[in-house]
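Scroll down for the structure; my scribbles are underneath it.
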Amino acid sequence: MTETLRYVSRLARLPLIDSDGQNFGHVQDVVLAPAGRSAPRVLGFVTLVQRRRIFVNANRIDDLEATGVRMRTGTIDLRPFRKREAELLALEDLVGSAVQVGGEEQYVRDVGITPSEAPGSTWELATLALGGRGPLARRRTPVIVSWEEGRALFEFGAEAAEVAEMRDMRPADVANRIRALPLEKRQRLAEIMEDDRLADLLEELPEDEQIRLISGLDLERAADILEEMDPDDAADLLGEMSAEERARLLEAMEPDDATHVRRLLTYEAATAGGLMTPEPVIMSAQSTVAEALAMLREASLPTALAAQVFVVQPPLSVPTGRFLGTIGFQRLLRQRPSETLGAVVPDRSEFLSPQTPELQVAGHLAAYDMVAVAVCDGSRHLLGAVTIDDVMDHLLPKGWRRTLPRHRPGVG
């Protein structure tokens, strides 16, 4: 823990570094979720960018280094930060708070975070640095205790505890639990749920229930949730709304995210174009096998997309340059780490047009034992990829999620 523990006071004022190594802001604070059965997770970082106090989601952070907080992507939301109910700022809210330890009152002087092993989390609360009050007390070495010694600081009542408990559940199980609740209670829990968890939940609900939940949110929050959803799922949800509501939400979304979704909405829902995600793992022929395997190990990557890389000529953003082929994970494991992807890519790789009907897409995946297939335009530019789970979601009877058992025997 000592090698990976980071104290928030030492992160404050560190530069925020984009994926190209450029400084474009600095960190001010860390946003924490309420406590559940596991430690409070780090939701993100409050940063000052262009004189704006904004929020950077923890999932966009690659590493916390002594020289700065490094992002894995340069895309951020420049809307002003607004703390939501049941969120805590490590420095602003916690430092100075009283904690009873061994019958003695101590005060929080700093907060330590560490990498999390929980699925879908990046960092979590680990320790509290405690001490007395006043100038003399601050000169003394603080006492380091587990965050659980100050658990009361991270509890926000029954509803927040319920949301924290659901954080440790799989999204499909959370959906089963939510569906059994009255609409008012569902909307109340949605209001205090973290953006990424609410996005995961919506992806597991039937479209009509998705709309009921998201319609209870204000425009800015609804746009944030759509940005967190997979673009194909966000497009499906928007496709169920009125043209006026769809336009309002797309306008409120970040331009890059909205562009992906708008492109998907141009295709018929029951086609490869309507089913595809525009965010598969895309790499150049000059990238190495080692770099590809590192990309596929990314914890936040969906299983179906982590099974292969799609090799293209520049540009690498969709629509890309000419599609060269697909390399499966197992094929990569059999190659030398220094080998380039251009030397490894098969001579023939399957791809579909965006107009391919969904039944034909399903047949193609089944015939070739694939979990994802490339979608290209007439000039062989990669537009995205269709995964087998999205095909199954569309081919199963409408409302199939409602038929799932609430508790499945033998599943923990």
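A note on labels: chains of the structure tokens are A, B, ... as shown, every chain counts residues from 1, and ligands are counted from 1 in their shown order.
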Considering only C-alpha atoms, tabulate each residue of range 117-222 of chain A that lies at most 10 Å from range 86-92 of chain A along with its nearest interatomic pair and the corresponding distance in Å to one decimal; arrange the rows by chain and ascending residue number and present them as a tab-separated table.
```
residue	atom	partner	partner_atom	distance
A:Leu125	CA	A:Ala90	CA	9.7
A:Leu153	CA	A:Leu88	CA	9.2
A:Phe154	CA	A:Leu88	CA	7.9
A:Glu155	CA	A:Ala86	CA	8.2
A:Phe156	CA	A:Ala86	CA	6.1
A:Gly157	CA	A:Ala86	CA	9.0
A:Glu159	CA	A:Ala86	CA	9.5
A:Ala160	CA	A:Ala86	CA	6.6
A:Ala161	CA	A:Ala86	CA	9.6
A:Val163	CA	A:Ala86	CA	9.9
A:Glu191	CA	A:Ala86	CA	9.9
A:Ile192	CA	A:Ala86	CA	6.5
A:Met193	CA	A:Ala86	CA	8.7
A:Glu194	CA	A:Glu87	CA	9.1
```
Include N, CA and C atoms and write out the residues we just selected as a compact mmCIF listing (two decimals), in the first residue's frame.
```
# COMPACT_ATOMS: atom_id res chain seq x y z
N LEU A 125 -10.90 5.05 -1.37
CA LEU A 125 -10.38 5.57 -0.11
C LEU A 125 -9.69 4.47 0.67
N LEU A 153 -18.36 9.50 8.58
CA LEU A 153 -18.23 10.65 7.69
C LEU A 153 -18.75 10.35 6.29
N PHE A 154 -18.87 9.06 5.96
CA PHE A 154 -19.19 8.66 4.59
C PHE A 154 -20.57 8.01 4.47
N GLU A 155 -21.41 8.23 5.47
CA GLU A 155 -22.76 7.67 5.45
C GLU A 155 -23.78 8.79 5.29
N PHE A 156 -24.73 8.58 4.36
CA PHE A 156 -25.68 9.63 3.99
C PHE A 156 -27.12 9.15 4.10
N GLY A 157 -27.39 8.18 4.94
CA GLY A 157 -28.76 7.72 5.10
C GLY A 157 -29.04 6.45 4.32
N GLU A 159 -31.02 5.64 1.71
CA GLU A 159 -31.01 5.59 0.24
C GLU A 159 -29.59 5.59 -0.31
N ALA A 160 -28.72 6.41 0.26
CA ALA A 160 -27.33 6.42 -0.18
C ALA A 160 -26.66 5.08 0.11
N ALA A 161 -27.00 4.47 1.26
CA ALA A 161 -26.46 3.16 1.60
C ALA A 161 -26.93 2.11 0.60
N VAL A 163 -27.74 2.67 -2.57
CA VAL A 163 -26.98 2.89 -3.80
C VAL A 163 -25.57 2.35 -3.66
N GLU A 191 -31.28 9.63 -8.95
CA GLU A 191 -30.75 10.97 -8.72
C GLU A 191 -29.43 10.95 -7.96
N ILE A 192 -29.27 9.99 -7.05
CA ILE A 192 -28.05 9.98 -6.23
C ILE A 192 -27.04 8.92 -6.68
N MET A 193 -27.37 8.16 -7.72
CA MET A 193 -26.47 7.15 -8.23
C MET A 193 -25.37 7.81 -9.06
N GLU A 194 -24.15 7.24 -9.02
CA GLU A 194 -23.07 7.77 -9.84
C GLU A 194 -23.40 7.63 -11.32
```
For Glu228 in chain A, work out the shell of residues within 8 Å, counting only C-alpha atoms and skipping chain neighbours fewer than 4 positions away, then give it as an MDAnalysis selection string. chainID A and resid 195:196 199 224
Written file, previous selection with N, CA and C atoms, as a PDB file, in the first residue's frame:
```
ATOM      1  N   ASP A 195     -22.861   8.549 -12.132  1.00  0.00           N
ATOM      2  CA  ASP A 195     -23.202   8.583 -13.549  1.00  0.00           C
ATOM      3  C   ASP A 195     -22.907   7.263 -14.252  1.00  0.00           C
ATOM      4  N   ASP A 196     -21.710   6.695 -14.027  1.00  0.00           N
ATOM      5  CA  ASP A 196     -21.350   5.477 -14.751  1.00  0.00           C
ATOM      6  C   ASP A 196     -22.201   4.297 -14.324  1.00  0.00           C
ATOM      7  N   ALA A 199     -25.614   4.722 -15.894  1.00  0.00           N
ATOM      8  CA  ALA A 199     -25.523   4.371 -17.315  1.00  0.00           C
ATOM      9  C   ALA A 199     -25.531   2.864 -17.498  1.00  0.00           C
ATOM     10  N   ASP A 224     -25.242  13.905 -19.315  1.00  0.00           N
ATOM     11  CA  ASP A 224     -24.069  13.250 -18.728  1.00  0.00           C
ATOM     12  C   ASP A 224     -24.220  11.727 -18.766  1.00  0.00           C
TER      13      ASP A 224
END
```
Among range 152-229 of chain A, which ones does DSSP assign to alpha helix (DSSP H) (computed from the backbone)? Answer as a ChimeraX atom specification. /A:158-166,171-179,183-192,195-203,207-214,219-228
A:Ala164, A:Leu238, A:Met71, A:Glu65: which is nearest Arg41 in chain A, counting only C-alpha atoms? A:Ala164
Which one is closest to Ala372 in chain A: A:Ala304, A:Ala129, A:Ala269, A:Ala33? Count only C-alpha atoms. A:Ala304
Extract, using only C-alpha atoms, all DNA, RNA and protein residues at most 8 Å from range 309-321 of chain A, discarding same-chain residues fewer than 5 positions from it, and format them as number ranges by chain. A: 278, 280-285, 292, 296, 326-329, 341-342, 345, 374, 380-384
C-alpha atoms of the current selection, written as a JSON list (two decimals), in the first residue's frame:
```
[["chain", "number", "residue", "atom", "x", "y", "z"],
["A", 278, "PRO", "CA", -18.05, 3.24, -32.94],
["A", 280, "PRO", "CA", -13.85, -0.81, -30.77],
["A", 281, "VAL", "CA", -10.10, -1.15, -30.14],
["A", 282, "ILE", "CA", -8.59, 0.49, -33.24],
["A", 283, "MET", "CA", -4.82, 0.48, -33.86],
["A", 284, "SER", "CA", -2.41, 1.23, -36.68],
["A", 285, "ALA", "CA", -0.31, -1.32, -38.56],
["A", 292, "ALA", "CA", -2.19, -4.16, -28.53],
["A", 296, "LEU", "CA", -6.95, -5.18, -24.50],
["A", 326, "THR", "CA", -8.90, -8.02, -37.36],
["A", 327, "ILE", "CA", -6.45, -9.73, -35.02],
["A", 328, "GLY", "CA", -7.89, -11.92, -32.28],
["A", 329, "PHE", "CA", -6.54, -11.97, -28.74],
["A", 341, "LEU", "CA", 0.38, -5.56, -36.16],
["A", 342, "GLY", "CA", 0.84, -5.04, -39.90],
["A", 345, "VAL", "CA", -2.88, -9.17, -39.47],
["A", 374, "ALA", "CA", -16.04, -4.97, -38.41],
["A", 380, "ARG", "CA", -13.45, -0.01, -46.71],
["A", 381, "HIS", "CA", -13.20, 2.68, -44.04],
["A", 382, "LEU", "CA", -13.95, 1.23, -40.59],
["A", 383, "LEU", "CA", -17.14, 2.69, -39.11],
["A", 384, "GLY", "CA", -17.38, 0.50, -36.00]]
```
Rank nothing, just name the residue among A:Thr340, A:Gln210, A:Gln22, A:Gln28 nearest to Ala190 in chain A, using only C-alpha atoms.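 Distance minimum relative to Ala190 in chain A lands on A:Gln210.
Ranking A:Glu240, A:Glu227, A:Glu124, A:Asp393 by their shortest atom-to-atom distance to Leu32 in chain A, with only C-alpha atoms included, puts A:Glu124 first.
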Calculate how many Å separate CA of Glu184 in chain A from CA of Phe55 in chain A, rounding to one decimal. 28.1 Å
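Atom pair CA of Asp218 in chain A / CA of Leu94 in chain A: separated by 28.0 Å.
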DSSP-assigned strand (DSSP E) among range 217-359 of chain A, expressed as an mmCIF file with N, CA and C atoms, in the first residue's frame:
```cif
data_model
loop_
_atom_site.group_PDB
_atom_site.id
_atom_site.type_symbol
_atom_site.label_atom_id
_atom_site.label_comp_id
_atom_site.auth_asym_id
_atom_site.auth_seq_id
_atom_site.Cartn_x
_atom_site.Cartn_y
_atom_site.Cartn_z
ATOM 1 N N ILE A 282 -9.116 0.191 -31.906
ATOM 2 C CA ILE A 282 -8.586 0.489 -33.238
ATOM 3 C C ILE A 282 -7.115 0.858 -33.110
ATOM 4 N N MET A 283 -6.257 0.225 -33.919
ATOM 5 C CA MET A 283 -4.817 0.483 -33.861
ATOM 6 C C MET A 283 -4.244 0.528 -35.265
ATOM 7 N N SER A 284 -3.070 1.119 -35.387
ATOM 8 C CA SER A 284 -2.407 1.227 -36.683
ATOM 9 C C SER A 284 -1.541 -0.004 -36.942
ATOM 10 N N GLN A 308 -10.417 -8.675 -29.561
ATOM 11 C CA GLN A 308 -9.682 -8.437 -30.792
ATOM 12 C C GLN A 308 -9.364 -6.955 -30.972
ATOM 13 N N VAL A 309 -8.386 -6.695 -31.853
ATOM 14 C CA VAL A 309 -8.096 -5.327 -32.264
ATOM 15 C C VAL A 309 -8.396 -5.207 -33.755
ATOM 16 N N PHE A 310 -8.806 -4.005 -34.160
ATOM 17 C CA PHE A 310 -9.108 -3.728 -35.559
ATOM 18 C C PHE A 310 -7.985 -2.841 -36.100
ATOM 19 N N VAL A 311 -7.282 -3.331 -37.105
ATOM 20 C CA VAL A 311 -6.097 -2.655 -37.627
ATOM 21 C C VAL A 311 -6.482 -1.852 -38.869
ATOM 22 N N VAL A 312 -6.096 -0.569 -38.885
ATOM 23 C CA VAL A 312 -6.474 0.320 -39.982
ATOM 24 C C VAL A 312 -5.298 1.214 -40.345
ATOM 25 N N PHE A 323 -9.489 -0.145 -43.766
ATOM 26 C CA PHE A 323 -9.490 -1.267 -42.820
ATOM 27 C C PHE A 323 -8.570 -2.365 -43.345
ATOM 28 N N LEU A 324 -7.609 -2.789 -42.522
ATOM 29 C CA LEU A 324 -6.633 -3.808 -42.919
ATOM 30 C C LEU A 324 -7.000 -5.194 -42.428
ATOM 31 N N GLY A 325 -7.646 -5.286 -41.270
ATOM 32 C CA GLY A 325 -8.037 -6.595 -40.773
ATOM 33 C C GLY A 325 -8.201 -6.636 -39.265
ATOM 34 N N THR A 326 -8.645 -7.784 -38.791
ATOM 35 C CA THR A 326 -8.897 -8.017 -37.361
ATOM 36 C C THR A 326 -7.915 -9.044 -36.833
ATOM 37 N N ILE A 327 -7.357 -8.775 -35.664
ATOM 38 C CA ILE A 327 -6.452 -9.734 -35.016
ATOM 39 C C ILE A 327 -7.049 -10.131 -33.678
ATOM 40 N N GLY A 328 -7.325 -11.415 -33.517
ATOM 41 C CA GLY A 328 -7.892 -11.917 -32.275
ATOM 42 C C GLY A 328 -6.879 -11.974 -31.147
ATOM 43 N N PHE A 351 -15.714 -8.393 -42.908
ATOM 44 C CA PHE A 351 -16.377 -7.159 -42.494
ATOM 45 C C PHE A 351 -17.738 -7.089 -43.185
ATOM 46 N N LEU A 352 -18.616 -6.263 -42.638
ATOM 47 C CA LEU A 352 -19.969 -6.117 -43.160
ATOM 48 C C LEU A 352 -20.222 -4.672 -43.529
#
```
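The space between CA of Glu148 in chain A and CA of Gly132 in chain A spans 18.9 Å.
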Set the distance at 9 Å and use only C-alpha atoms: which residues neighbour Pro142 in chain A once local chain neighbours fewer than 5 positions away are removed? I'd like the list as a PyMOL selection string. chain A and resi 109-110+129-132+137
Selection: 10 Å around His394 in chain A, only C-alpha atoms, excl. self and same-chain fewer than 6 positions, as a PDB file with C-alpha atoms, in the first residue's frame:
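Contents of selection_1.pdb, freshly written:
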```pdb
ATOM      1  CA  ALA A 269     -31.993   0.069 -35.919  1.00  0.00           C
ATOM      2  CA  ALA A 270     -32.134  -3.519 -37.248  1.00  0.00           C
ATOM      3  CA  LEU A 275     -26.177  -2.190 -33.934  1.00  0.00           C
ATOM      4  CA  GLU A 358     -29.445  -7.961 -38.176  1.00  0.00           C
ATOM      5  CA  LEU A 359     -30.337 -11.604 -38.948  1.00  0.00           C
ATOM      6  CA  TRP A 400     -37.066 -10.064 -22.609  1.00  0.00           C
TER       7      TRP A 400
END
```
Determine, counting only C-alpha atoms, which protein, DNA and RNA residues have an atom within 12 Å of an atom of Ala366 in chain A; residues of the same chain fewer than 6 positions away are not included. Present the result as a list of chain:residue names. A:Leu359, A:Gln360, A:Ala372, A:Val373, A:Thr387, A:Ile388, A:Val391, A:Met392
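Counting only C-alpha atoms, the residue from A:Val386, A:Asp29, A:Ile76, A:Ser338 that sits nearest to Asp257 in chain A is A:Ile76.
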Between A:Gly274, A:Gly216, A:Pro80, A:Pro171, single out the one closest to Asp236 in chain A, counting only C-alpha atoms.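 Closest to Asp236 in chain A of all the choices is A:Gly274.
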